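K.L.:
Next comes my_file.pdb, PDB, C-alpha atoms:
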```pdb
ATOM      1  CA  PRO A   1     -10.305   8.451  14.560  1.00  0.00           C
ATOM      2  CA  GLY A   2      -9.763   8.990  10.851  1.00  0.00           C
ATOM      3  CA  ASP A   3      -6.667  11.110  11.453  1.00  0.00           C
ATOM      4  CA  ALA A   4      -3.101   9.862  11.020  1.00  0.00           C
ATOM      5  CA  LEU A   5      -0.273   9.911  13.537  1.00  0.00           C
ATOM      6  CA  LEU A   6       2.977  10.774  11.767  1.00  0.00           C
ATOM      7  CA  VAL A   7       5.988   9.310  13.609  1.00  0.00           C
ATOM      8  CA  THR A   8       9.588  10.071  12.632  1.00  0.00           C
ATOM      9  CA  ILE A   9      12.385   7.982  14.127  1.00  0.00           C
ATOM     10  CA  GLU A  10      15.064  10.588  14.738  1.00  0.00           C
ATOM     11  CA  ARG A  11      17.731   8.612  16.608  1.00  0.00           C
ATOM     12  CA  MET A  12      18.421   5.125  17.958  1.00  0.00           C
ATOM     13  CA  THR A  13      21.397   4.877  20.312  1.00  0.00           C
ATOM     14  CA  PRO A  14      22.126   1.450  21.822  1.00  0.00           C
ATOM     15  CA  ASN A  15      22.446   1.566  25.612  1.00  0.00           C
ATOM     16  CA  ARG A  16      24.168  -1.786  25.974  1.00  0.00           C
ATOM     17  CA  LYS A  17      26.983  -3.494  24.093  1.00  0.00           C
ATOM     18  CA  THR A  18      25.351  -6.864  23.565  1.00  0.00           C
ATOM     19  CA  GLY A  19      22.305  -8.376  21.927  1.00  0.00           C
ATOM     20  CA  TRP A  20      20.946 -11.866  21.312  1.00  0.00           C
ATOM     21  CA  THR A  21      19.358 -14.067  18.677  1.00  0.00           C
ATOM     22  CA  TYR A  22      18.164 -17.647  18.321  1.00  0.00           C
ATOM     23  CA  SER A  23      19.471 -20.236  15.874  1.00  0.00           C
ATOM     24  CA  PRO A  24      18.869 -22.270  13.750  1.00  0.00           C
ATOM     25  CA  LEU A  25      16.170 -20.622  11.663  1.00  0.00           C
ATOM     26  CA  ALA A  26      12.544 -20.615  12.775  1.00  0.00           C
ATOM     27  CA  PRO A  27      10.639 -23.795  11.862  1.00  0.00           C
ATOM     28  CA  GLY A  28       7.976 -21.865   9.935  1.00  0.00           C
ATOM     29  CA  VAL A  29      10.409 -20.730   7.230  1.00  0.00           C
ATOM     30  CA  LEU A  30      11.930 -24.161   6.532  1.00  0.00           C
ATOM     31  CA  ASP A  31      10.807 -27.270   4.673  1.00  0.00           C
ATOM     32  CA  PRO A  32       9.083 -29.397   7.341  1.00  0.00           C
ATOM     33  CA  SER A  33      10.960 -32.462   6.110  1.00  0.00           C
ATOM     34  CA  VAL A  34      14.270 -31.135   7.485  1.00  0.00           C
ATOM     35  CA  LEU A  35      13.076 -30.014  10.918  1.00  0.00           C
ATOM     36  CA  ALA A  36      13.832 -33.308  12.654  1.00  0.00           C
ATOM     37  CA  GLU A  37      17.431 -33.103  11.448  1.00  0.00           C
ATOM     38  CA  LEU A  38      18.129 -29.683  12.926  1.00  0.00           C
ATOM     39  CA  PRO A  39      19.685 -29.076  16.344  1.00  0.00           C
ATOM     40  CA  LYS A  40      17.644 -27.568  19.170  1.00  0.00           C
ATOM     41  CA  ARG A  41      17.139 -23.818  18.960  1.00  0.00           C
ATOM     42  CA  GLU A  42      19.513 -21.992  21.289  1.00  0.00           C
ATOM     43  CA  ARG A  43      20.190 -18.409  22.273  1.00  0.00           C
ATOM     44  CA  HIS A  44      23.373 -16.724  21.019  1.00  0.00           C
ATOM     45  CA  GLU A  45      24.977 -13.516  22.289  1.00  0.00           C
ATOM     46  CA  TRP A  46      26.313 -10.774  20.003  1.00  0.00           C
ATOM     47  CA  ALA A  47      28.712  -7.864  20.492  1.00  0.00           C
ATOM     48  CA  ILE A  48      27.429  -4.477  19.294  1.00  0.00           C
ATOM     49  CA  ASP A  49      29.963  -1.797  18.369  1.00  0.00           C
ATOM     50  CA  ALA A  50      27.998   1.240  17.240  1.00  0.00           C
ATOM     51  CA  GLU A  51      31.118   3.326  16.645  1.00  0.00           C
ATOM     52  CA  ALA A  52      32.699   0.724  14.388  1.00  0.00           C
ATOM     53  CA  GLY A  53      29.294  -0.033  12.871  1.00  0.00           C
ATOM     54  CA  THR A  54      29.522  -3.784  13.418  1.00  0.00           C
ATOM     55  CA  VAL A  55      27.605  -6.634  15.031  1.00  0.00           C
ATOM     56  CA  LYS A  56      29.542  -9.857  15.787  1.00  0.00           C
ATOM     57  CA  LEU A  57      28.908 -13.146  17.562  1.00  0.00           C
ATOM     58  CA  LEU A  58      30.572 -13.269  20.972  1.00  0.00           C
ATOM     59  CA  GLU A  59      31.422 -16.971  20.811  1.00  0.00           C
ATOM     60  CA  PRO A  60      31.513 -17.981  17.127  1.00  0.00           C
ATOM     61  CA  SER A  61      32.733 -21.304  15.873  1.00  0.00           C
ATOM     62  CA  ALA A  62      36.209 -21.312  14.352  1.00  0.00           C
ATOM     63  CA  ARG A  63      34.833 -21.379  10.807  1.00  0.00           C
ATOM     64  CA  ILE A  64      32.902 -18.121  11.200  1.00  0.00           C
ATOM     65  CA  LYS A  65      35.083 -16.268  13.719  1.00  0.00           C
ATOM     66  CA  ASP A  66      35.715 -13.412  11.266  1.00  0.00           C
ATOM     67  CA  TRP A  67      32.084 -12.860  10.306  1.00  0.00           C
ATOM     68  CA  SER A  68      30.484  -9.512  11.127  1.00  0.00           C
ATOM     69  CA  PHE A  69      27.368  -7.675  10.017  1.00  0.00           C
ATOM     70  CA  PRO A  70      26.583  -3.967   9.652  1.00  0.00           C
ATOM     71  CA  PHE A  71      25.071  -2.220  12.650  1.00  0.00           C
ATOM     72  CA  ALA A  72      21.649  -1.211  11.269  1.00  0.00           C
ATOM     73  CA  PRO A  73      19.276  -0.177  14.082  1.00  0.00           C
ATOM     74  CA  MET A  74      15.538  -0.597  13.550  1.00  0.00           C
ATOM     75  CA  MET A  75      12.320  -0.642  15.568  1.00  0.00           C
ATOM     76  CA  GLY A  76      10.535  -3.976  15.512  1.00  0.00           C
ATOM     77  CA  CYS A  77       7.278  -3.070  17.231  1.00  0.00           C
ATOM     78  CA  PHE A  78       5.425   0.234  17.299  1.00  0.00           C
ATOM     79  CA  GLY A  79       2.019   1.622  16.430  1.00  0.00           C
ATOM     80  CA  VAL A  80      -1.296   2.771  17.861  1.00  0.00           C
ATOM     81  CA  ALA A  81      -4.322   1.149  19.496  1.00  0.00           C
ATOM     82  CA  PRO A  82      -6.370  -1.097  17.169  1.00  0.00           C
ATOM     83  CA  GLU A  83      -9.924  -0.436  16.061  1.00  0.00           C
ATOM     84  CA  ARG A  84     -13.217  -1.694  17.548  1.00  0.00           C
ATOM     85  CA  GLY A  85     -11.869  -1.706  21.110  1.00  0.00           C
ATOM     86  CA  GLN A  86      -9.753  -4.772  20.480  1.00  0.00           C
ATOM     87  CA  ALA A  87      -6.980  -5.835  22.851  1.00  0.00           C
ATOM     88  CA  ILE A  88      -4.285  -7.337  20.603  1.00  0.00           C
ATOM     89  CA  SER A  89      -0.941  -8.657  21.799  1.00  0.00           C
ATOM     90  CA  THR A  90       2.098  -6.665  20.714  1.00  0.00           C
ATOM     91  CA  ALA A  91       3.524  -9.983  19.505  1.00  0.00           C
ATOM     92  CA  THR A  92       1.468  -9.553  16.339  1.00  0.00           C
ATOM     93  CA  SER A  93       0.532  -6.751  13.927  1.00  0.00           C
ATOM     94  CA  GLY A  94      -2.345  -5.238  12.002  1.00  0.00           C
ATOM     95  CA  ALA A  95      -3.609  -2.022  10.450  1.00  0.00           C
ATOM     96  CA  ASN A  96      -2.577  -0.260  13.680  1.00  0.00           C
ATOM     97  CA  GLY A  97       1.082  -1.272  13.245  1.00  0.00           C
ATOM     98  CA  GLY A  98       2.506  -3.515  15.959  1.00  0.00           C
ATOM     99  CA  ASN A  99       5.221  -6.134  15.657  1.00  0.00           C
ATOM    100  CA  MET A 100       6.028  -5.551  11.985  1.00  0.00           C
ATOM    101  CA  ASP A 101       9.794  -6.185  12.260  1.00  0.00           C
ATOM    102  CA  TYR A 102      10.590  -4.337   9.033  1.00  0.00           C
ATOM    103  CA  ARG A 103      14.264  -3.547   8.567  1.00  0.00           C
ATOM    104  CA  LEU A 104      13.656  -0.107   6.955  1.00  0.00           C
ATOM    105  CA  PHE A 105      11.966   1.216  10.114  1.00  0.00           C
ATOM    106  CA  GLY A 106      15.142   2.853  11.381  1.00  0.00           C
ATOM    107  CA  PRO A 107      16.429   6.397  11.915  1.00  0.00           C
ATOM    108  CA  GLY A 108      15.156   8.768   9.238  1.00  0.00           C
ATOM    109  CA  ALA A 109      11.978   6.821   8.490  1.00  0.00           C
ATOM    110  CA  THR A 110       8.613   8.570   8.882  1.00  0.00           C
ATOM    111  CA  ILE A 111       5.603   6.320   9.370  1.00  0.00           C
ATOM    112  CA  ALA A 112       1.951   7.412   9.215  1.00  0.00           C
ATOM    113  CA  PHE A 113      -0.349   5.242  11.351  1.00  0.00           C
ATOM    114  CA  PRO A 114      -4.126   5.338  10.937  1.00  0.00           C
ATOM    115  CA  VAL A 115      -5.746   6.513  14.179  1.00  0.00           C
ATOM    116  CA  PHE A 116      -8.613   4.333  15.414  1.00  0.00           C
ATOM    117  CA  VAL A 117      -9.278   5.649  18.952  1.00  0.00           C
ATOM    118  CA  ASP A 118      -9.186   9.004  20.712  1.00  0.00           C
ATOM    119  CA  GLY A 119      -5.609   9.882  21.643  1.00  0.00           C
ATOM    120  CA  ALA A 120      -4.137   7.277  19.251  1.00  0.00           C
ATOM    121  CA  LEU A 121      -2.331   5.555  22.213  1.00  0.00           C
ATOM    122  CA  PHE A 122       1.069   5.271  20.554  1.00  0.00           C
ATOM    123  CA  PHE A 123       3.545   2.634  21.779  1.00  0.00           C
ATOM    124  CA  LEU A 124       7.107   1.757  20.767  1.00  0.00           C
ATOM    125  CA  GLY A 125       9.695  -0.914  21.555  1.00  0.00           C
ATOM    126  CA  ASP A 126      11.563  -4.023  20.351  1.00  0.00           C
ATOM    127  CA  GLY A 127      14.885  -2.590  19.198  1.00  0.00           C
ATOM    128  CA  HIS A 128      17.126  -4.560  16.844  1.00  0.00           C
ATOM    129  CA  ALA A 129      20.783  -3.857  16.082  1.00  0.00           C
ATOM    130  CA  CYS A 130      20.589  -5.839  12.849  1.00  0.00           C
ATOM    131  CA  GLN A 131      18.035  -8.014  11.048  1.00  0.00           C
ATOM    132  CA  GLY A 132      17.445  -9.501   7.616  1.00  0.00           C
ATOM    133  CA  ASP A 133      14.119  -9.574   5.789  1.00  0.00           C
ATOM    134  CA  GLY A 134      11.419 -11.709   7.331  1.00  0.00           C
ATOM    135  CA  GLU A 135      12.965 -12.008  10.821  1.00  0.00           C
ATOM    136  CA  ILE A 136      13.472 -15.641   9.812  1.00  0.00           C
ATOM    137  CA  ALA A 137      15.510 -16.541  12.906  1.00  0.00           C
ATOM    138  CA  GLY A 138      12.551 -15.481  15.032  1.00  0.00           C
ATOM    139  CA  THR A 139      14.573 -12.498  16.256  1.00  0.00           C
ATOM    140  CA  GLY A 140      16.739  -9.706  15.007  1.00  0.00           C
ATOM    141  CA  VAL A 141      19.791  -8.977  17.118  1.00  0.00           C
ATOM    142  CA  GLU A 142      17.610  -8.038  20.088  1.00  0.00           C
ATOM    143  CA  THR A 143      18.870  -5.191  22.279  1.00  0.00           C
ATOM    144  CA  SER A 144      17.727  -1.949  23.907  1.00  0.00           C
ATOM    145  CA  PHE A 145      18.058   1.637  22.714  1.00  0.00           C
ATOM    146  CA  GLU A 146      17.553   5.219  23.676  1.00  0.00           C
ATOM    147  CA  VAL A 147      15.023   6.254  21.032  1.00  0.00           C
ATOM    148  CA  GLU A 148      14.315   9.825  20.001  1.00  0.00           C
ATOM    149  CA  PHE A 149      11.205  10.343  17.889  1.00  0.00           C
ATOM    150  CA  THR A 150       8.776  13.088  16.928  1.00  0.00           C
ATOM    151  CA  VAL A 151       5.035  12.890  16.351  1.00  0.00           C
ATOM    152  CA  LYS A 152       2.659  15.044  14.327  1.00  0.00           C
ATOM    153  CA  LEU A 153      -1.066  14.769  13.679  1.00  0.00           C
ATOM    154  CA  LEU A 154      -2.494  14.845  10.156  1.00  0.00           C
ATOM    155  CA  LYS A 155      -6.256  15.434  10.063  1.00  0.00           C
ATOM    156  CA  LYS A 156      -8.762  13.371   8.085  1.00  0.00           C
ATOM    157  CA  GLN A 157      -6.368  11.069   6.247  1.00  0.00           C
ATOM    158  CA  ASN A 158      -8.498   7.908   6.400  1.00  0.00           C
ATOM    159  CA  LEU A 159      -5.538   5.581   5.923  1.00  0.00           C
ATOM    160  CA  ARG A 160      -6.205   1.866   5.883  1.00  0.00           C
ATOM    161  CA  TRP A 161      -2.643   0.688   6.547  1.00  0.00           C
ATOM    162  CA  PRO A 162       0.581   2.305   7.785  1.00  0.00           C
ATOM    163  CA  ARG A 163       2.411   4.340   5.165  1.00  0.00           C
ATOM    164  CA  CYS A 164       6.113   5.147   5.349  1.00  0.00           C
ATOM    165  CA  GLU A 165       8.562   7.527   3.715  1.00  0.00           C
ATOM    166  CA  THR A 166      12.314   6.978   3.852  1.00  0.00           C
ATOM    167  CA  GLU A 167      15.075   8.935   2.179  1.00  0.00           C
ATOM    168  CA  THR A 168      14.680   6.855  -0.971  1.00  0.00           C
ATOM    169  CA  ASP A 169      11.252   5.170  -0.923  1.00  0.00           C
ATOM    170  CA  LEU A 170       7.534   5.390  -0.326  1.00  0.00           C
ATOM    171  CA  LEU A 171       5.977   2.216   1.009  1.00  0.00           C
ATOM    172  CA  VAL A 172       2.915   0.675   2.594  1.00  0.00           C
ATOM    173  CA  ILE A 173       3.195  -2.174   5.092  1.00  0.00           C
ATOM    174  CA  ALA A 174       0.302  -4.542   5.736  1.00  0.00           C
ATOM    175  CA  SER A 175      -0.297  -7.636   7.845  1.00  0.00           C
ATOM    176  CA  GLY A 176      -2.279 -10.840   7.492  1.00  0.00           C
ATOM    177  CA  ARG A 177      -2.084 -14.525   6.781  1.00  0.00           C
ATOM    178  CA  PRO A 178      -1.504 -16.334   4.430  1.00  0.00           C
ATOM    179  CA  LEU A 179       1.219 -14.317   2.723  1.00  0.00           C
ATOM    180  CA  ASP A 180      -0.906 -13.276  -0.249  1.00  0.00           C
ATOM    181  CA  GLN A 181      -3.284 -11.355   2.042  1.00  0.00           C
ATOM    182  CA  PRO A 182      -0.823  -8.691   3.281  1.00  0.00           C
ATOM    183  CA  LEU A 183       0.550  -8.397  -0.251  1.00  0.00           C
ATOM    184  CA  GLN A 184      -2.958  -7.573  -1.488  1.00  0.00           C
ATOM    185  CA  PHE A 185      -3.621  -5.097   1.340  1.00  0.00           C
ATOM    186  CA  ALA A 186      -0.286  -3.300   0.853  1.00  0.00           C
ATOM    187  CA  THR A 187      -0.652  -3.130  -2.922  1.00  0.00           C
ATOM    188  CA  THR A 188      -4.182  -1.731  -2.685  1.00  0.00           C
ATOM    189  CA  GLU A 189      -3.140   1.010  -0.279  1.00  0.00           C
ATOM    190  CA  LEU A 190      -0.084   1.909  -2.381  1.00  0.00           C
ATOM    191  CA  LEU A 191      -2.327   2.115  -5.457  1.00  0.00           C
ATOM    192  CA  ARG A 192      -4.543   4.605  -3.595  1.00  0.00           C
ATOM    193  CA  TRP A 193      -1.527   6.598  -2.418  1.00  0.00           C
ATOM    194  CA  VAL A 194       0.067   6.844  -5.871  1.00  0.00           C
ATOM    195  CA  GLY A 195      -3.248   7.741  -7.469  1.00  0.00           C
ATOM    196  CA  ASP A 196      -3.853  10.555  -4.978  1.00  0.00           C
ATOM    197  CA  ALA A 197      -0.258  11.828  -5.197  1.00  0.00           C
ATOM    198  CA  LEU A 198      -0.254  11.995  -8.999  1.00  0.00           C
ATOM    199  CA  GLY A 199      -3.921  12.775  -9.577  1.00  0.00           C
ATOM    200  CA  VAL A 200      -4.365   9.731 -11.814  1.00  0.00           C
ATOM    201  CA  ASP A 201      -6.926   6.943 -11.977  1.00  0.00           C
ATOM    202  CA  PRO A 202      -6.306   3.293 -10.991  1.00  0.00           C
ATOM    203  CA  ILE A 203      -5.521   2.268 -14.572  1.00  0.00           C
ATOM    204  CA  GLU A 204      -2.859   4.948 -14.907  1.00  0.00           C
ATOM    205  CA  ALA A 205      -1.411   4.262 -11.446  1.00  0.00           C
ATOM    206  CA  SER A 206      -1.299   0.558 -12.316  1.00  0.00           C
ATOM    207  CA  HIS A 207       1.002   1.258 -15.244  1.00  0.00           C
ATOM    208  CA  LEU A 208       3.517   2.799 -12.831  1.00  0.00           C
ATOM    209  CA  LEU A 209       3.272   0.143 -10.126  1.00  0.00           C
ATOM    210  CA  GLY A 210       3.253  -2.707 -12.615  1.00  0.00           C
ATOM    211  CA  GLN A 211       6.725  -1.744 -13.800  1.00  0.00           C
ATOM    212  CA  ALA A 212       8.277  -0.146 -10.720  1.00  0.00           C
ATOM    213  CA  VAL A 213       6.891  -1.688  -7.503  1.00  0.00           C
ATOM    214  CA  ARG A 214       9.187  -3.618  -5.172  1.00  0.00           C
ATOM    215  CA  TYR A 215       8.086  -6.037  -2.456  1.00  0.00           C
ATOM    216  CA  ASP A 216       9.819  -6.793   0.834  1.00  0.00           C
ATOM    217  CA  ILE A 217       8.786  -9.626   3.137  1.00  0.00           C
ATOM    218  CA  ALA A 218       9.021  -7.837   6.460  1.00  0.00           C
ATOM    219  CA  ASN A 219       8.048 -10.620   8.854  1.00  0.00           C
ATOM    220  CA  VAL A 220       7.106 -14.288   8.516  1.00  0.00           C
ATOM    221  CA  PHE A 221       7.695 -15.352  12.121  1.00  0.00           C
ATOM    222  CA  ASN A 222       4.948 -13.673  14.114  1.00  0.00           C
ATOM    223  CA  PRO A 223       1.249 -14.647  14.011  1.00  0.00           C
ATOM    224  CA  ALA A 224       0.490 -12.152  11.221  1.00  0.00           C
ATOM    225  CA  TYR A 225       2.887 -11.969   8.290  1.00  0.00           C
ATOM    226  CA  CYS A 226       3.953  -8.525   7.017  1.00  0.00           C
ATOM    227  CA  VAL A 227       4.634  -7.399   3.452  1.00  0.00           C
ATOM    228  CA  ALA A 228       5.854  -3.963   2.329  1.00  0.00           C
ATOM    229  CA  ALA A 229       4.914  -2.677  -1.125  1.00  0.00           C
ATOM    230  CA  ARG A 230       7.592  -0.143  -1.998  1.00  0.00           C
ATOM    231  CA  LEU A 231       8.095   2.491  -4.708  1.00  0.00           C
ATOM    232  CA  GLU A 232      11.357   4.339  -5.194  1.00  0.00           C
ATOM    233  CA  LYS A 233      10.901   8.110  -4.969  1.00  0.00           C
ATOM    234  CA  THR A 234      12.790   8.583  -8.216  1.00  0.00           C
ATOM    235  CA  GLU A 235      10.053   6.650 -10.018  1.00  0.00           C
ATOM    236  CA  LEU A 236       7.326   8.815  -8.516  1.00  0.00           C
ATOM    237  CA  THR A 237       9.236  12.024  -9.267  1.00  0.00           C
ATOM    238  CA  ARG A 238       9.778  10.967 -12.855  1.00  0.00           C
ATOM    239  CA  ALA A 239       6.105  10.090 -13.265  1.00  0.00           C
ATOM    240  CA  MET A 240       5.128  13.422 -11.715  1.00  0.00           C
ATOM    241  CA  SER A 241       7.380  15.335 -14.085  1.00  0.00           C
ATOM    242  CA  PHE A 242       5.798  13.604 -17.075  1.00  0.00           C
ATOM    243  CA  ARG A 243       2.344  14.272 -15.624  1.00  0.00           C
ATOM    244  CA  ASN A 244       3.121  18.003 -15.172  1.00  0.00           C
ATOM    245  CA  ARG A 245       4.571  18.170 -18.653  1.00  0.00           C
ATOM    246  CA  GLY A 246       1.385  16.635 -20.020  1.00  0.00           C
TER     247      GLY A 246
END
```
Represent the structure of the file as structure tokens.
P.N.:
Amino acid sequence: PGDALLVTIERMTPNRKTGWTYSPLAPGVLDPSVLAELPKRERHEWAIDAEAGTVKLLEPSARIKDWSFPFAPMMGCFGVAPERGQAISTATSGANGGNMDYRLFGPGATIAFPVFVDGALFFLGDGHACQGDGEIAGTGVETSFEVEFTVKLLKKQNLRWPRCETETDLLVIASGRPLDQPLQFATTELLRWVGDALGVDPIEASHLLGQAVRYDIANVFNPAYCVAARLEKTELTRAMSFRNRG
């Protein structure tokens, strides 16, 4: 406890050629006044062609028969055991990770999870071939993968929320409800991270985040909503160069 488990998603190879979603959109993301007008939610099958890099409906209506979407594999649910001996369903998420359903958690991403119990007790699953922000259909294109990942242990990090580094961004993802709560948690942890990385105080770090932060709504379907506070690496590098120059 107090350490961080650093997980890098090295490879995601689909081991079947189909996936599935539900439609129409989840009731929680729509104006309640229209819900009675919508058809019943039904399952739809999709064809996955990893070599061509496409995801397509297997039985589309005539109007959308030519639609396809990029194959963009991502892990929906992974993390470590929660704190205080809690037993939390993997249908939700928290400071330990869990069902975050964030579309940038794909190959090449490295995520640091705060460790709360001896051994960390890492778990991983819920592969998606494609998904937009928020998982607003209640699913991504759900399918299974062979997943290759590596883990490392970082001592005495005292993280409060999962941190992630991709090829282009640094980000913190946090969970809670209502939506302003995870935004506050993620912003606070990113403020700490930027301050430590640059050796600046909260006022100085706020100048950078105030002009350069980006927010992604990762999940608004599951019991806890997820928000990612994201900073492009180019912004941090530029700030660091100015700091070194000073």
K.L.:
What is the distance, in Å and to one decimal place, between CA of Ile88 (chain A) and CA of Arg214 (chain A)?
P.N.:
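It comes out at 29.3 Å.
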K.L.:
Which residues are near region 174-191 of chain A? Cut-off 8 Å, all atoms listed in the file, ignore same chain within fewer than 4 positions. Put them as a list in words.
P.N.:
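Neighbouring residues, sequence-local ones excluded: Ser93, Gly94, Ala95, Met100, Arg160, Trp161, Pro162, Gly195, Pro202, Ala205, Ser206, Leu209, Pro223, Ala224, Tyr225, Cys226, Val227, Ala228, Ala229 and Arg230 of chain A.
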K.L.:
Spell out the residues picked by the PyMOL selection byres ((chain A and resi 8) around 9) here, as a PyMOL selection string.
P.N.:
chain A and resi 6-7+9-10+107-112+148-152
K.L.:
Counting all atoms listed in the file, what is within 9 Å of Pro82 (chain A), bar same-chain residues fewer than 4 positions away, as a ChimeraX atom specification?
P.N.:
/A:86-88,94-97,115-117,120
K.L.:
Go ahead and dump the residues you just picked, C-alpha atoms, as a compact mmCIF listing (two decimals), keeping the file's coordinate frame.
P.N.:
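The resulting file, result35.txt, is reproduced below:
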```
# COMPACT_ATOMS: atom_id res chain seq x y z
CA GLN A 86 -9.75 -4.77 20.48
CA ALA A 87 -6.98 -5.84 22.85
CA ILE A 88 -4.28 -7.34 20.60
CA GLY A 94 -2.35 -5.24 12.00
CA ALA A 95 -3.61 -2.02 10.45
CA ASN A 96 -2.58 -0.26 13.68
CA GLY A 97 1.08 -1.27 13.24
CA VAL A 115 -5.75 6.51 14.18
CA PHE A 116 -8.61 4.33 15.41
CA VAL A 117 -9.28 5.65 18.95
CA ALA A 120 -4.14 7.28 19.25
```
K.L.:
So which one's closest to Asn219 (chain A), A:Val194, A:Ala26, A:Val34, A:Val80? Using all atoms listed in the file, please.
P.N.:
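Checking each of A:Val194, A:Ala26, A:Val34, A:Val80 against Asn219 (chain A), counting all atoms listed in the file, the winner is A:Ala26.
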K.L.:
For the file shown, what are the residues hit by the PyMOL selection byres ((chain A and resi 19) around 12), laid out as a PyMOL selection string?
P.N.:
chain A and resi 14-18+20-22+43-49+55-58+71+73+126-131+139-145
K.L.:
Identify, on the basis of only C-alpha atoms, every residue whose closest approach to Glu167 (chain A) does not exceed 12 Å; exclude the query and any residue fewer than 2 positions from it along the same chain; express the result as number ranges by chain.
P.N.:
A: 8, 104-110, 164-165, 169-171, 231-234
K.L.:
Which residues, written as a ChimeraX atom specification, have at least one atom at most 7 Å from Cys77 (chain A), with all atoms listed in the file counted and residues fewer than 3 positions away on the same chain left out?
P.N.:
/A:98-101,124-126
K.L.:
Please report the interatomic distance between CA of Glu42 (chain A) and CA of Pro60 (chain A) in Å with one decimal.
P.N.:
13.3 Å
K.L.:
Could you please determine the separation between CA of Ala137 (chain A) and CA of Ser23 (chain A) in Å, to one decimal place?
P.N.:
6.2 Å
K.L.:
So that I can check the surroundings of region 35-38 of chain A, please list as a ChimeraX atom specification every protein, DNA and RNA residue that reaches within 8 Å of it, counting all atoms listed in the file and ignoring chain neighbours fewer than 5 positions away.
P.N.:
/A:24,27,30
